[in-house]
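K.L.:
Structure file model.txt (compact mmCIF, C-alpha atoms (C1' of nucleotides) and all ligand atoms) right here:
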# COMPACT_ATOMS: atom_id res chain seq x y z
CA MET A 1 0.00 0.00 0.00
CA SER A 2 2.93 2.33 0.42
CA THR A 3 4.19 1.99 -3.14
CA LEU A 4 2.69 3.69 -6.15
CA ASN A 5 0.80 0.96 -7.93
CA VAL A 6 1.27 2.56 -11.29
CA MET A 7 4.87 1.33 -11.17
CA TYR A 8 3.96 -2.32 -10.61
CA SER A 9 6.35 -4.39 -12.68
CA ASP A 10 5.83 -7.95 -13.89
CA GLU A 11 8.12 -9.20 -11.14
CA MET A 12 6.34 -7.28 -8.43
CA LEU A 13 2.99 -8.69 -9.50
CA LYS A 14 4.38 -12.22 -9.56
CA GLN A 15 5.95 -11.75 -6.15
CA GLN A 16 2.81 -10.41 -4.56
CA LEU A 17 0.66 -13.14 -6.10
CA ASN A 18 2.97 -16.01 -5.15
CA ASP A 19 3.33 -14.69 -1.61
CA GLN A 20 -0.39 -15.32 -1.24
CA GLY A 21 -0.33 -18.74 -2.85
CA LEU A 22 -1.82 -17.33 -6.03
CA ARG A 23 -0.41 -17.79 -9.53
CA PHE A 24 1.12 -15.38 -11.95
CA THR A 25 -0.75 -15.93 -15.20
CA PRO A 26 -0.56 -14.17 -18.58
CA GLN A 27 -4.18 -13.15 -18.15
CA ARG A 28 -3.52 -11.36 -14.87
CA LEU A 29 -0.46 -9.61 -16.23
CA LYS A 30 -2.31 -8.45 -19.32
CA ILE A 31 -5.15 -7.00 -17.30
CA LEU A 32 -2.75 -5.10 -15.06
CA LYS A 33 -0.93 -3.73 -18.12
CA ILE A 34 -4.17 -2.46 -19.56
CA PHE A 35 -5.12 -0.58 -16.42
CA GLN A 36 -1.63 0.89 -16.28
CA SER A 37 -1.98 2.13 -19.84
CA LEU A 38 -5.26 3.98 -19.24
CA PRO A 39 -5.32 7.74 -18.69
CA ARG A 40 -6.21 8.98 -15.23
CA GLY A 41 -9.89 9.40 -14.70
CA THR A 42 -10.77 6.23 -16.59
CA HIS A 43 -13.24 4.04 -14.74
CA TRP A 44 -14.00 0.77 -16.46
CA SER A 45 -16.60 -1.89 -15.91
CA ALA A 46 -15.81 -5.59 -16.28
CA GLU A 47 -17.58 -5.50 -19.62
CA GLU A 48 -15.56 -2.55 -20.89
CA LEU A 49 -12.32 -4.22 -19.90
CA HIS A 50 -13.41 -7.39 -21.65
CA GLU A 51 -14.18 -5.49 -24.84
CA GLU A 52 -10.75 -3.88 -24.79
CA LEU A 53 -9.17 -7.32 -24.40
CA LEU A 54 -11.11 -8.55 -27.42
CA ALA A 55 -10.05 -5.46 -29.36
CA GLN A 56 -6.45 -6.35 -28.58
CA ALA A 57 -7.11 -9.90 -29.78
CA GLU A 58 -6.64 -11.30 -26.28
CA ARG A 59 -8.87 -14.26 -25.67
CA ILE A 60 -9.62 -13.85 -21.98
CA SER A 61 -12.98 -15.05 -20.77
CA LEU A 62 -15.42 -12.86 -18.92
CA SER A 63 -15.17 -15.26 -15.96
CA THR A 64 -11.47 -14.57 -15.73
CA VAL A 65 -12.04 -10.86 -16.03
CA TYR A 66 -14.36 -10.89 -13.04
CA ARG A 67 -12.06 -13.16 -11.05
CA THR A 68 -9.05 -10.95 -11.75
CA LEU A 69 -10.87 -7.74 -10.85
CA HIS A 70 -11.82 -9.22 -7.49
CA ILE A 71 -8.36 -10.51 -6.73
CA MET A 72 -6.63 -7.29 -7.67
CA THR A 73 -9.09 -5.31 -5.60
CA ARG A 74 -8.40 -7.53 -2.60
CA MET A 75 -4.66 -7.09 -3.22
CA GLY A 76 -5.03 -3.31 -3.26
CA ILE A 77 -3.89 -3.01 -6.88
CA LEU A 78 -7.28 -1.87 -8.11
CA ARG A 79 -10.01 0.18 -6.53
CA GLU A 80 -13.62 -0.89 -6.89
CA LEU A 81 -16.04 2.01 -7.20
CA GLU A 82 -19.76 2.03 -6.56
CA LEU A 83 -20.74 4.96 -8.72
CA ALA A 84 -24.38 5.47 -9.54
CA GLU A 85 -24.82 3.06 -12.40
CA GLU A 86 -25.95 -0.51 -12.31
CA HIS A 87 -22.46 -1.96 -12.43
CA LYS A 88 -19.16 -1.57 -10.66
CA HIS A 89 -16.21 0.41 -11.98
CA TYR A 90 -12.50 -0.19 -11.50
CA GLU A 91 -9.39 1.97 -11.62
CA LEU A 92 -5.76 1.63 -10.56
CA ASN A 93 -5.42 2.26 -6.86
CA ARG A 94 -3.17 5.27 -6.39
CA SER A 95 -3.30 5.40 -2.60
CA PRO A 96 -2.23 6.83 -0.40
CA SER A 97 -0.53 9.73 -2.12
CA GLY A 98 -2.74 9.97 -5.17
CA GLN A 99 -6.03 9.25 -3.51
CA HIS A 100 -9.08 11.04 -4.82
CA HIS A 101 -12.86 11.14 -4.79
CA HIS A 102 -15.71 11.43 -7.27
CA LEU A 103 -18.39 13.88 -8.30
CA ILE A 104 -21.15 12.17 -10.27
CA CYS A 105 -23.83 13.79 -12.41
CA VAL A 106 -27.04 11.86 -11.86
CA HIS A 107 -28.34 13.04 -15.24
CA CYS A 108 -25.54 12.21 -17.68
CA ASN A 109 -23.28 10.07 -15.44
CA ARG A 110 -20.31 12.33 -16.08
CA ILE A 111 -17.66 11.76 -13.44
CA LEU A 112 -15.14 14.28 -12.15
CA GLU A 113 -12.29 13.43 -9.82
CA PHE A 114 -11.01 15.65 -7.06
CA ALA A 115 -8.33 15.29 -4.41
CA GLU A 116 -9.05 16.26 -0.84
CA ALA A 117 -6.70 15.10 1.88
CA GLY A 118 -9.06 16.24 4.60
CA VAL A 119 -11.59 13.55 3.79
CA ASP A 120 -9.20 10.68 4.32
CA LYS A 121 -8.07 12.22 7.58
CA ILE A 122 -11.65 12.49 8.84
CA GLY A 123 -12.37 8.98 7.67
CA GLY A 124 -9.31 7.56 9.38
CA LYS A 125 -10.21 9.25 12.63
CA GLN A 126 -13.78 7.92 12.60
CA ALA A 127 -12.70 4.40 11.74
CA ASP A 128 -10.10 4.41 14.50
CA ALA A 129 -12.71 5.52 16.99
CA MET A 130 -14.81 2.48 16.14
CA GLY A 131 -11.92 0.04 15.92
CA TYR A 132 -12.20 -0.56 12.19
CA HIS A 133 -9.17 -1.15 10.01
CA VAL A 134 -9.74 1.06 6.94
CA LEU A 135 -9.07 -0.35 3.47
CA ASP A 136 -10.59 2.38 1.33
CA CYS A 137 -12.23 5.74 1.81
CA GLN A 138 -14.61 6.94 -0.89
CA LEU A 139 -16.49 10.21 -0.94
CA ASN A 140 -19.20 10.26 -3.59
CA LEU A 141 -20.94 13.50 -4.44
CA TYR A 142 -24.13 13.04 -6.43
CA GLY A 143 -25.43 16.08 -8.20
CA VAL A 144 -26.19 17.80 -11.48
CA CYS A 145 -23.37 19.01 -13.69
CA PRO A 146 -23.36 22.53 -15.23
CA ASP A 147 -24.38 21.27 -18.69
CA CYS A 148 -27.34 19.33 -17.35
CA GLN A 149 -28.42 22.28 -15.20
CA ASN A 150 -28.74 24.39 -18.35
CA GLN A 151 -30.64 21.97 -20.55
CA ARG A 152 -33.32 21.77 -17.84
CA HIS A 153 -36.76 22.19 -19.49
CA MET B 1 -35.38 19.54 2.14
CA SER B 2 -35.42 21.81 5.13
CA THR B 3 -37.98 19.79 7.07
CA LEU B 4 -37.23 16.62 8.96
CA ASN B 5 -38.59 13.87 6.77
CA VAL B 6 -39.29 11.64 9.73
CA MET B 7 -42.28 13.88 10.45
CA TYR B 8 -43.83 13.48 7.02
CA SER B 9 -47.55 13.18 7.56
CA ASP B 10 -50.07 11.68 5.16
CA GLU B 11 -51.11 15.16 4.11
CA MET B 12 -47.57 16.32 3.46
CA LEU B 13 -46.89 13.30 1.27
CA LYS B 14 -50.10 13.89 -0.69
CA GLN B 15 -49.27 17.54 -1.09
CA GLN B 16 -45.78 16.95 -2.33
CA LEU B 17 -46.90 14.22 -4.74
CA ASN B 18 -49.79 16.19 -6.18
CA ASP B 19 -47.64 19.27 -6.61
CA GLN B 20 -45.60 17.24 -9.08
CA GLY B 21 -48.58 15.76 -10.89
CA LEU B 22 -48.11 12.44 -9.11
CA ARG B 23 -50.78 10.58 -7.19
CA PHE B 24 -51.18 9.80 -3.54
CA THR B 25 -51.79 6.04 -3.40
CA PRO B 26 -52.21 3.62 -0.50
CA GLN B 27 -49.10 1.80 -1.67
CA ARG B 28 -46.93 4.90 -1.47
CA LEU B 29 -48.27 5.85 1.92
CA LYS B 30 -47.70 2.36 3.28
CA ILE B 31 -44.10 2.29 2.10
CA LEU B 32 -43.40 5.65 3.69
CA LYS B 33 -44.98 4.48 6.96
CA ILE B 34 -42.75 1.42 7.00
CA PHE B 35 -39.58 3.44 6.56
CA GLN B 36 -40.73 5.82 9.28
CA SER B 37 -41.27 2.89 11.64
CA LEU B 38 -37.77 1.47 11.20
CA PRO B 39 -35.07 2.12 13.78
CA ARG B 40 -32.19 4.37 12.76
CA GLY B 41 -29.42 2.52 11.07
CA THR B 42 -31.75 0.27 9.09
CA HIS B 43 -30.80 0.06 5.44
CA TRP B 44 -33.22 -1.98 3.35
CA SER B 45 -33.07 -3.34 -0.16
CA ALA B 46 -36.13 -3.41 -2.41
CA GLU B 47 -36.41 -7.11 -1.72
CA GLU B 48 -36.30 -6.67 2.06
CA LEU B 49 -38.98 -4.00 1.90
CA HIS B 50 -41.13 -6.26 -0.23
CA GLU B 51 -40.77 -9.11 2.26
CA GLU B 52 -41.85 -6.84 5.10
CA LEU B 53 -44.90 -5.79 3.09
CA LEU B 54 -45.80 -9.44 2.57
CA ALA B 55 -45.28 -10.10 6.28
CA GLN B 56 -47.77 -7.32 7.00
CA ALA B 57 -50.19 -8.92 4.54
CA GLU B 58 -49.88 -5.98 2.15
CA ARG B 59 -50.19 -7.07 -1.44
CA ILE B 60 -47.86 -4.60 -3.14
CA SER B 61 -46.02 -5.83 -6.20
CA LEU B 62 -42.28 -5.72 -6.56
CA SER B 63 -42.71 -3.39 -9.55
CA THR B 64 -44.47 -0.89 -7.35
CA VAL B 65 -41.82 -1.25 -4.69
CA TYR B 66 -39.08 -0.35 -7.17
CA ARG B 67 -41.11 2.49 -8.67
CA THR B 68 -41.86 3.94 -5.25
CA LEU B 69 -38.26 3.74 -4.08
CA HIS B 70 -37.16 5.66 -7.16
CA ILE B 71 -39.82 8.31 -6.83
CA MET B 72 -39.20 8.88 -3.15
CA THR B 73 -35.48 9.11 -3.75
CA ARG B 74 -36.05 11.74 -6.43
CA MET B 75 -38.36 13.59 -4.05
CA GLY B 76 -35.69 13.59 -1.36
CA ILE B 77 -37.78 11.51 1.05
CA LEU B 78 -35.47 8.50 0.84
CA ARG B 79 -31.74 8.20 0.38
CA GLU B 80 -30.35 5.59 -1.99
CA LEU B 81 -27.09 4.07 -0.79
CA GLU B 82 -24.46 2.31 -2.85
CA LEU B 83 -22.92 0.20 -0.14
CA ALA B 84 -20.65 -2.65 -1.15
CA GLU B 85 -23.20 -5.31 -1.87
CA GLU B 86 -24.77 -6.23 -5.14
CA HIS B 87 -27.94 -4.24 -4.55
CA LYS B 88 -28.98 -0.77 -3.47
CA HIS B 89 -30.12 0.12 0.02
CA TYR B 90 -32.62 2.75 1.13
CA GLU B 91 -33.18 4.72 4.30
CA LEU B 92 -35.20 7.77 5.31
CA ASN B 93 -33.37 10.93 4.27
CA ARG B 94 -32.59 12.91 7.40
CA SER B 95 -30.76 15.78 5.71
CA PRO B 96 -29.50 18.27 6.30
CA SER B 97 -29.45 18.22 10.08
CA GLY B 98 -29.29 14.48 10.59
CA GLN B 99 -26.97 13.66 7.74
CA HIS B 100 -24.51 10.85 8.29
CA HIS B 101 -22.07 8.48 6.60
CA HIS B 102 -21.25 4.78 6.63
CA LEU B 103 -18.49 2.47 7.76
CA ILE B 104 -18.76 -0.92 6.08
CA CYS B 105 -17.06 -4.17 7.07
CA VAL B 106 -16.04 -5.94 3.88
CA HIS B 107 -16.05 -9.27 5.70
CA CYS B 108 -19.43 -9.40 7.44
CA ASN B 109 -21.16 -6.41 5.80
CA ARG B 110 -21.85 -4.85 9.18
CA ILE B 111 -22.63 -1.16 8.77
CA LEU B 112 -22.01 1.59 11.28
CA GLU B 113 -23.25 5.14 10.89
CA PHE B 114 -21.37 8.22 11.93
CA ALA B 115 -22.08 11.95 11.71
CA GLU B 116 -19.39 14.30 10.50
CA ALA B 117 -20.35 17.81 9.48
CA GLY B 118 -16.92 18.47 8.00
CA VAL B 119 -17.45 16.04 5.17
CA ASP B 120 -20.53 17.76 3.81
CA LYS B 121 -18.75 21.08 4.06
CA ILE B 122 -15.78 19.80 2.06
CA GLY B 123 -18.11 18.17 -0.45
CA GLY B 124 -20.13 21.33 -0.91
CA LYS B 125 -17.00 23.37 -1.50
CA GLN B 126 -15.65 20.98 -4.13
CA ALA B 127 -18.96 20.75 -5.94
CA ASP B 128 -19.31 24.53 -5.99
CA ALA B 129 -15.84 24.87 -7.46
CA MET B 130 -16.85 22.64 -10.35
CA GLY B 131 -20.30 24.15 -10.82
CA TYR B 132 -22.21 21.07 -9.73
CA HIS B 133 -25.46 21.27 -7.81
CA VAL B 134 -25.10 18.72 -4.99
CA LEU B 135 -28.00 16.40 -4.21
CA ASP B 136 -26.31 13.97 -1.85
CA CYS B 137 -22.92 13.55 -0.24
CA GLN B 138 -21.90 10.05 0.82
CA LEU B 139 -18.67 9.06 2.49
CA ASN B 140 -18.16 5.30 2.50
CA LEU B 141 -15.39 3.78 4.57
CA TYR B 142 -14.60 0.19 3.67
CA GLY B 143 -12.67 -1.79 6.21
CA VAL B 144 -12.61 -4.67 8.65
CA CYS B 145 -14.62 -4.48 11.87
CA PRO B 146 -13.09 -5.40 15.25
CA ASP B 147 -14.84 -8.79 15.37
CA CYS B 148 -13.63 -9.80 11.93
CA GLN B 149 -10.09 -8.64 12.75
CA ASN B 150 -10.01 -11.09 15.66
CA GLN B 151 -11.37 -14.15 13.88
CA ARG B 152 -8.54 -13.78 11.33
CA HIS B 153 -6.82 -17.14 10.78
C1' DC C 1 13.69 -31.81 -17.00
C1' DT C 2 9.82 -34.47 -15.52
C1' DT C 3 6.05 -35.32 -12.44
C1' DC C 4 2.36 -33.89 -9.78
C1' DC C 5 -1.40 -31.21 -7.91
C1' DA C 6 -3.95 -27.45 -6.85
C1' DA C 7 -5.05 -23.03 -8.85
C1' DA C 8 -6.79 -20.95 -12.76
C1' DC C 9 -8.90 -21.18 -17.06
C1' DG C 10 -12.96 -21.00 -20.64
C1' DA C 11 -17.65 -22.02 -21.81
C1' DG C 12 -21.91 -21.78 -20.69
C1' DA C 13 -25.71 -22.37 -17.33
C1' DA C 14 -27.74 -20.23 -13.49
C1' DT C 15 -28.84 -16.55 -10.33
C1' DT C 16 -29.70 -12.00 -8.77
C1' DT C 17 -31.26 -7.53 -9.37
C1' DG C 18 -33.77 -4.40 -11.66
C1' DT C 19 -36.66 -2.83 -15.92
C1' DT C 20 -40.28 -3.05 -19.35
C1' DT C 21 -44.77 -4.15 -21.19
C1' DC C 22 -49.49 -4.11 -21.08
C1' DA C 23 -54.14 -4.91 -19.66
C1' DT C 24 -56.71 -3.35 -15.59
C1' DT C 25 -57.63 -0.27 -11.68
C1' DA C 26 -58.33 3.95 -9.43
C1' DA C 27 -56.78 9.02 -8.11
C1' DG C 28 -57.82 13.51 -9.00
C1' DT C 29 -60.46 16.91 -11.71
C1' DC C 30 -64.63 19.03 -13.40
C1' DG D 1 -70.84 10.52 -11.43
C1' DA D 2 -67.98 10.64 -15.66
C1' DC D 3 -63.51 11.32 -17.69
C1' DT D 4 -58.57 11.19 -18.18
C1' DT D 5 -54.44 9.43 -17.26
C1' DA D 6 -51.18 7.92 -13.70
C1' DA D 7 -50.41 3.85 -11.12
C1' DT D 8 -50.77 -0.95 -10.33
C1' DG D 9 -49.82 -6.15 -10.71
C1' DA D 10 -48.24 -9.95 -13.33
C1' DA D 11 -45.16 -11.67 -16.12
C1' DA D 12 -41.72 -11.34 -19.61
C1' DC D 13 -37.34 -9.44 -20.27
C1' DA D 14 -32.59 -7.70 -19.62
C1' DA D 15 -28.12 -6.81 -17.51
C1' DA D 16 -24.61 -7.88 -14.35
C1' DT D 17 -22.42 -11.19 -11.92
C1' DT D 18 -21.63 -15.81 -10.03
C1' DC D 19 -21.36 -20.71 -10.31
C1' DT D 20 -20.21 -25.31 -12.24
C1' DC D 21 -17.34 -28.26 -14.26
C1' DG D 22 -14.19 -30.39 -17.40
C1' DT D 23 -9.57 -28.96 -19.08
C1' DT D 24 -5.21 -26.50 -18.79
C1' DT D 25 -1.16 -24.88 -16.58
C1' DG D 26 1.89 -22.53 -12.96
C1' DG D 27 5.14 -23.67 -9.91
C1' DA D 28 7.01 -26.73 -6.35
C1' DA D 29 9.48 -30.83 -5.51
C1' DG D 30 12.40 -34.42 -6.82
MN MN E 201 -11.22 7.79 -10.10
MN MN E 202 -27.60 5.19 7.17
ZN ZN E 203 -24.67 15.98 -16.42
ZN ZN E 204 -16.98 -7.62 10.15
Spell out the structure here as structure tokens.

P.N.:
Amino acid sequence: MSTLNVMYSDEMLKQQLNDQGLRFTPQRLKILKIFQSLPRGTHWSAEELHEELLAQAERISLSTVYRTLHIMTRMGILRELELAEEHKHYELNRSPSGQHHHLICVHCNRILEFAEAGVDKIGGKQADAMGYHVLDCQLNLYGVCPDCQNQRH
Amino acid sequence: MSTLNVMYSDEMLKQQLNDQGLRFTPQRLKILKIFQSLPRGTHWSAEELHEELLAQAERISLSTVYRTLHIMTRMGILRELELAEEHKHYELNRSPSGQHHHLICVHCNRILEFAEAGVDKIGGKQADAMGYHVLDCQLNLYGVCPDCQNQRH
DNA sequence: CTTCCAAACGAGAATTTGTTTCATTAAGTC
DNA sequence: GACTTAATGAAACAAATTCTCGTTTGGAAG
């Protein structure tokens, strides 16, 4: 958790997997590479990741996509986001230094990111007070973006 | 939004519905009554609400349950929560005075509530800066509760 | 380098959650 | 009380995710 996950090398992934009794497979490496190649602010669903794999002529099943997303989330490599659509989104976990939060337009689903160190501090304090060990801290702001405010009828 | 929704009376619900061209039905009233009767900290899925209705011998279809949850969320009577399960949860909206956030155990799904005025302040500031009109501000802390930390193997 | 075994894989069935359709009912208006 | 249209219930449908199971393969051990 203290290293920047963007720098994950093949060897580091293999190490971290094997340490947990898990295996380093071409599928897992490929999926990590894809996330590392995405621009910041990209939040992909399992389906979107699968489509990209197909586009790159990688034959990785949807089952494996879902399995890998779960494992990498548990490992702290990815972050699973519950934004306001009917499916989950994933992004590279940039914590702690690059941690950020999300502003979601409930009309057009546009998502903006923003950094705010104060939130994580508040979250950490609250969790401590209740004896919880914090894994992730997500502030979601649901609202209406400027564009959607204008095209109101 | 300035009134405490817990006090919603039959007449207030009818008023607010009719003002929007919607109708005051026995089903909608019943669902509001149920949420008002629940203890704080109860977060119900559509399915759980439907089961309670059946238990009370109310014959309200699941379609109506979903429709009502959406409408009441849009009206600001209920709050829709994206906690880390595979379905949405609903609770009475107590904003702004009684607003609160959630601490979720990723092992046992236990949920604790906590109030923290600072979060909403930070959220409001960020949203303003980006021109968004905020509807809801939700801080979710994912972690491991004390019990689950102990029963670690 | 070969053997072995559990972990991981792919394919597809199954499940869960939520939405849509449509004929019927009933709320609100005059 | 009659009219209009929103709301309802039942059931079909759809999307997202999980499960099952036979096959493949990573990696440890010899
Ligand atoms: Mn993000
Ligand atoms: Mn709550
Ligand atoms: Zn928008
Ligand atoms: Zn727990």

K.L.:
Name the closest residue to ligand ZN 204 (chain E) among the candidates B:Val134, B:Val144, B:Ala117, B:Leu49; distances are taken between atoms, counting all atoms listed in the file.

P.N.:
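For ligand ZN 204 (chain E), the nearest of the candidates is B:Val144.
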
K.L.:
Tell me which residues come within 12 Å of (-56.1, 10.9, -11.3), as JSON, numbers by chain, counting all atoms listed in the file in the file's coordinates.

P.N.:
{"B": [17, 18, 21, 22, 23, 24, 25], "C": [25, 26, 27, 28, 29, 30], "D": [3, 4, 5, 6, 7]}

K.L.:
For chain B, list the residues within 7 Å of chain A, counting all atoms listed in the file, and write the list as an MDAnalysis selection string.

P.N.:
chainID B and resid 82 119 123 131:146

K.L.:
So, with only C-alpha atoms (C1' of nucleotides) as the atoms that count, which of D:DG1, D:DT18, D:DA10, D:DT23 lies closest to DA8 in chain C?

P.N.:
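Using only C-alpha atoms (C1' of nucleotides), the shortest distance to DA8 in chain C belongs to D:DT23.
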
K.L.:
Could the residues of chain C within 8 Å of chain A, counting all atoms listed in the file, be given as a ChimeraX atom specification, please?

P.N.:
/C:7-10

K.L.:
Using CA of Ala46 in chain A and C1' of DT19 in chain C as the two end points, give the distance in Å to one decimal.

P.N.:
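These atoms are spaced 21.0 Å apart.
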
K.L.:
Counting all atoms listed in the file, figure out which residue out of A:Met72, A:Leu13, A:Leu32, A:Val65 gets nearest to chain D.

P.N.:
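Closest to chain D, using all atoms listed in the file: A:Val65.
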
K.L.:
Specify as JSON, numbers by chain all residues of chain D found within 9 Å of chain A, counting all atoms listed in the file.

P.N.:
{"D": [15, 16, 17, 18, 26, 27]}

K.L.:
How would you report the residues lying within 7 Å of ligand MN 201 (chain E), as an mmCIF file with C-alpha atoms, keeping the file's coordinate frame, if you count all atoms listed in the file?

P.N.:
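Output file selection18.cif follows:
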data_model
loop_
_atom_site.group_PDB
_atom_site.id
_atom_site.type_symbol
_atom_site.label_atom_id
_atom_site.label_comp_id
_atom_site.auth_asym_id
_atom_site.auth_seq_id
_atom_site.Cartn_x
_atom_site.Cartn_y
_atom_site.Cartn_z
ATOM 1 C CA GLY A 41 -9.890 9.400 -14.700
ATOM 2 C CA THR A 42 -10.770 6.230 -16.590
ATOM 3 C CA HIS A 43 -13.240 4.040 -14.740
ATOM 4 C CA GLU A 91 -9.390 1.970 -11.620
ATOM 5 C CA HIS A 100 -9.080 11.040 -4.820
ATOM 6 C CA HIS A 101 -12.860 11.140 -4.790
ATOM 7 C CA HIS A 102 -15.710 11.430 -7.270
ATOM 8 C CA GLU A 113 -12.290 13.430 -9.820
#

K.L.:
Take the point (15.9, -30.5, -7.5) in the file's coordinates, draw a sphere of radius 12 Å around it, and report as a PDB file with C-alpha atoms (C1' of nucleotides), in the coordinates of the input every protein, DNA or RNA residue with an atom inside or on it, counting all atoms listed in the file.

P.N.:
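This is the output file part.pdb:
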ATOM      1  C1'  DC C   1      13.690 -31.810 -17.000  1.00  0.00           C
ATOM      2  C1'  DT C   2       9.820 -34.470 -15.520  1.00  0.00           C
TER       3       DT C   2
ATOM      4  C1'  DA D  28       7.010 -26.730  -6.350  1.00  0.00           C
ATOM      5  C1'  DA D  29       9.480 -30.830  -5.510  1.00  0.00           C
ATOM      6  C1'  DG D  30      12.400 -34.420  -6.820  1.00  0.00           C
TER       7       DG D  30
END

K.L.:
So how far away is CA of Leu53 in chain A from CA of Met12 in chain A, in Å?

P.N.:
22.3 Å

K.L.:
Which residue, A:Ala129, A:Ile77, A:Ile111, A:Ala57, has the smallest gap to ligand ZN 203 (chain E) when you use all atoms listed in the file?

P.N.:
A:Ile111

K.L.:
Any chance you could export range 16-27 of chain C with N, CA, C and O atoms (P, O5', C5', C4', C3', O3' and C1' of nucleotides), as a compact mmCIF listing (two decimals), in the first residue's frame?

P.N.:
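Printed below is out.txt as written:
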# COMPACT_ATOMS: atom_id res chain seq x y z
P DT C 16 -30.27 -16.59 -6.33
O5' DT C 16 -29.95 -15.03 -6.46
C5' DT C 16 -28.61 -14.62 -6.71
C4' DT C 16 -28.60 -13.16 -7.06
C3' DT C 16 -29.71 -12.33 -6.42
O3' DT C 16 -29.10 -11.19 -5.86
C1' DT C 16 -29.70 -12.00 -8.77
P DT C 17 -29.90 -10.14 -4.95
O5' DT C 17 -30.22 -8.95 -5.95
C5' DT C 17 -29.14 -8.31 -6.61
C4' DT C 17 -29.67 -7.42 -7.69
C3' DT C 17 -30.83 -6.51 -7.25
O3' DT C 17 -30.37 -5.17 -7.37
C1' DT C 17 -31.26 -7.53 -9.37
P DG C 18 -31.31 -3.92 -6.98
O5' DG C 18 -32.01 -3.59 -8.37
C5' DG C 18 -31.16 -3.29 -9.48
C4' DG C 18 -31.99 -3.28 -10.74
C3' DG C 18 -33.18 -2.30 -10.72
O3' DG C 18 -32.94 -1.34 -11.73
C1' DG C 18 -33.77 -4.40 -11.66
P DT C 19 -34.09 -0.30 -12.19
O5' DT C 19 -34.71 -0.98 -13.49
C5' DT C 19 -33.83 -1.30 -14.56
C4' DT C 19 -34.63 -1.68 -15.78
C3' DT C 19 -35.71 -0.68 -16.19
O3' DT C 19 -35.61 -0.50 -17.58
C1' DT C 19 -36.66 -2.83 -15.92
P DT C 20 -36.56 0.54 -18.37
O5' DT C 20 -37.60 -0.44 -19.09
C5' DT C 20 -37.12 -1.57 -19.78
C4' DT C 20 -38.29 -2.34 -20.37
C3' DT C 20 -39.42 -1.47 -20.91
O3' DT C 20 -39.74 -1.96 -22.20
C1' DT C 20 -40.28 -3.05 -19.35
P DT C 21 -40.88 -1.24 -23.10
O5' DT C 21 -42.11 -2.25 -22.97
C5' DT C 21 -41.87 -3.64 -23.00
C4' DT C 21 -43.19 -4.39 -22.92
C3' DT C 21 -44.39 -3.61 -23.46
O3' DT C 21 -45.23 -4.51 -24.16
C1' DT C 21 -44.77 -4.15 -21.19
P DC C 22 -46.36 -3.96 -25.21
O5' DC C 22 -47.70 -4.31 -24.45
C5' DC C 22 -47.84 -5.58 -23.79
C4' DC C 22 -49.03 -5.53 -22.85
C3' DC C 22 -50.13 -4.54 -23.27
O3' DC C 22 -51.38 -5.13 -22.99
C1' DC C 22 -49.49 -4.11 -21.08
P DA C 23 -52.61 -4.88 -24.06
O5' DA C 23 -53.83 -5.50 -23.25
C5' DA C 23 -53.69 -6.77 -22.59
C4' DA C 23 -54.23 -6.70 -21.17
C3' DA C 23 -55.63 -6.06 -21.08
O3' DA C 23 -56.41 -6.82 -20.16
C1' DA C 23 -54.14 -4.91 -19.66
P DT C 24 -57.89 -6.32 -19.70
O5' DT C 24 -57.65 -5.63 -18.28
C5' DT C 24 -57.24 -6.46 -17.19
C4' DT C 24 -57.14 -5.60 -15.94
C3' DT C 24 -58.46 -4.93 -15.50
O3' DT C 24 -58.66 -5.23 -14.12
C1' DT C 24 -56.71 -3.35 -15.59
P DT C 25 -59.91 -4.62 -13.34
O5' DT C 25 -59.26 -3.44 -12.49
C5' DT C 25 -58.17 -3.75 -11.62
C4' DT C 25 -57.70 -2.48 -10.96
C3' DT C 25 -58.78 -1.71 -10.20
O3' DT C 25 -58.25 -1.41 -8.94
C1' DT C 25 -57.63 -0.27 -11.68
P DA C 26 -59.17 -0.74 -7.79
O5' DA C 26 -58.75 0.79 -7.87
C5' DA C 26 -57.39 1.15 -7.64
C4' DA C 26 -57.24 2.63 -7.86
C3' DA C 26 -58.32 3.48 -7.19
O3' DA C 26 -57.74 4.72 -6.85
C1' DA C 26 -58.33 3.95 -9.43
P DA C 27 -57.75 5.22 -5.34
O5' DA C 27 -56.92 6.58 -5.43
C5' DA C 27 -55.62 6.57 -6.00
C4' DA C 27 -55.30 7.92 -6.64
C3' DA C 27 -55.86 9.14 -5.93
O3' DA C 27 -54.87 10.15 -6.00
C1' DA C 27 -56.78 9.02 -8.11
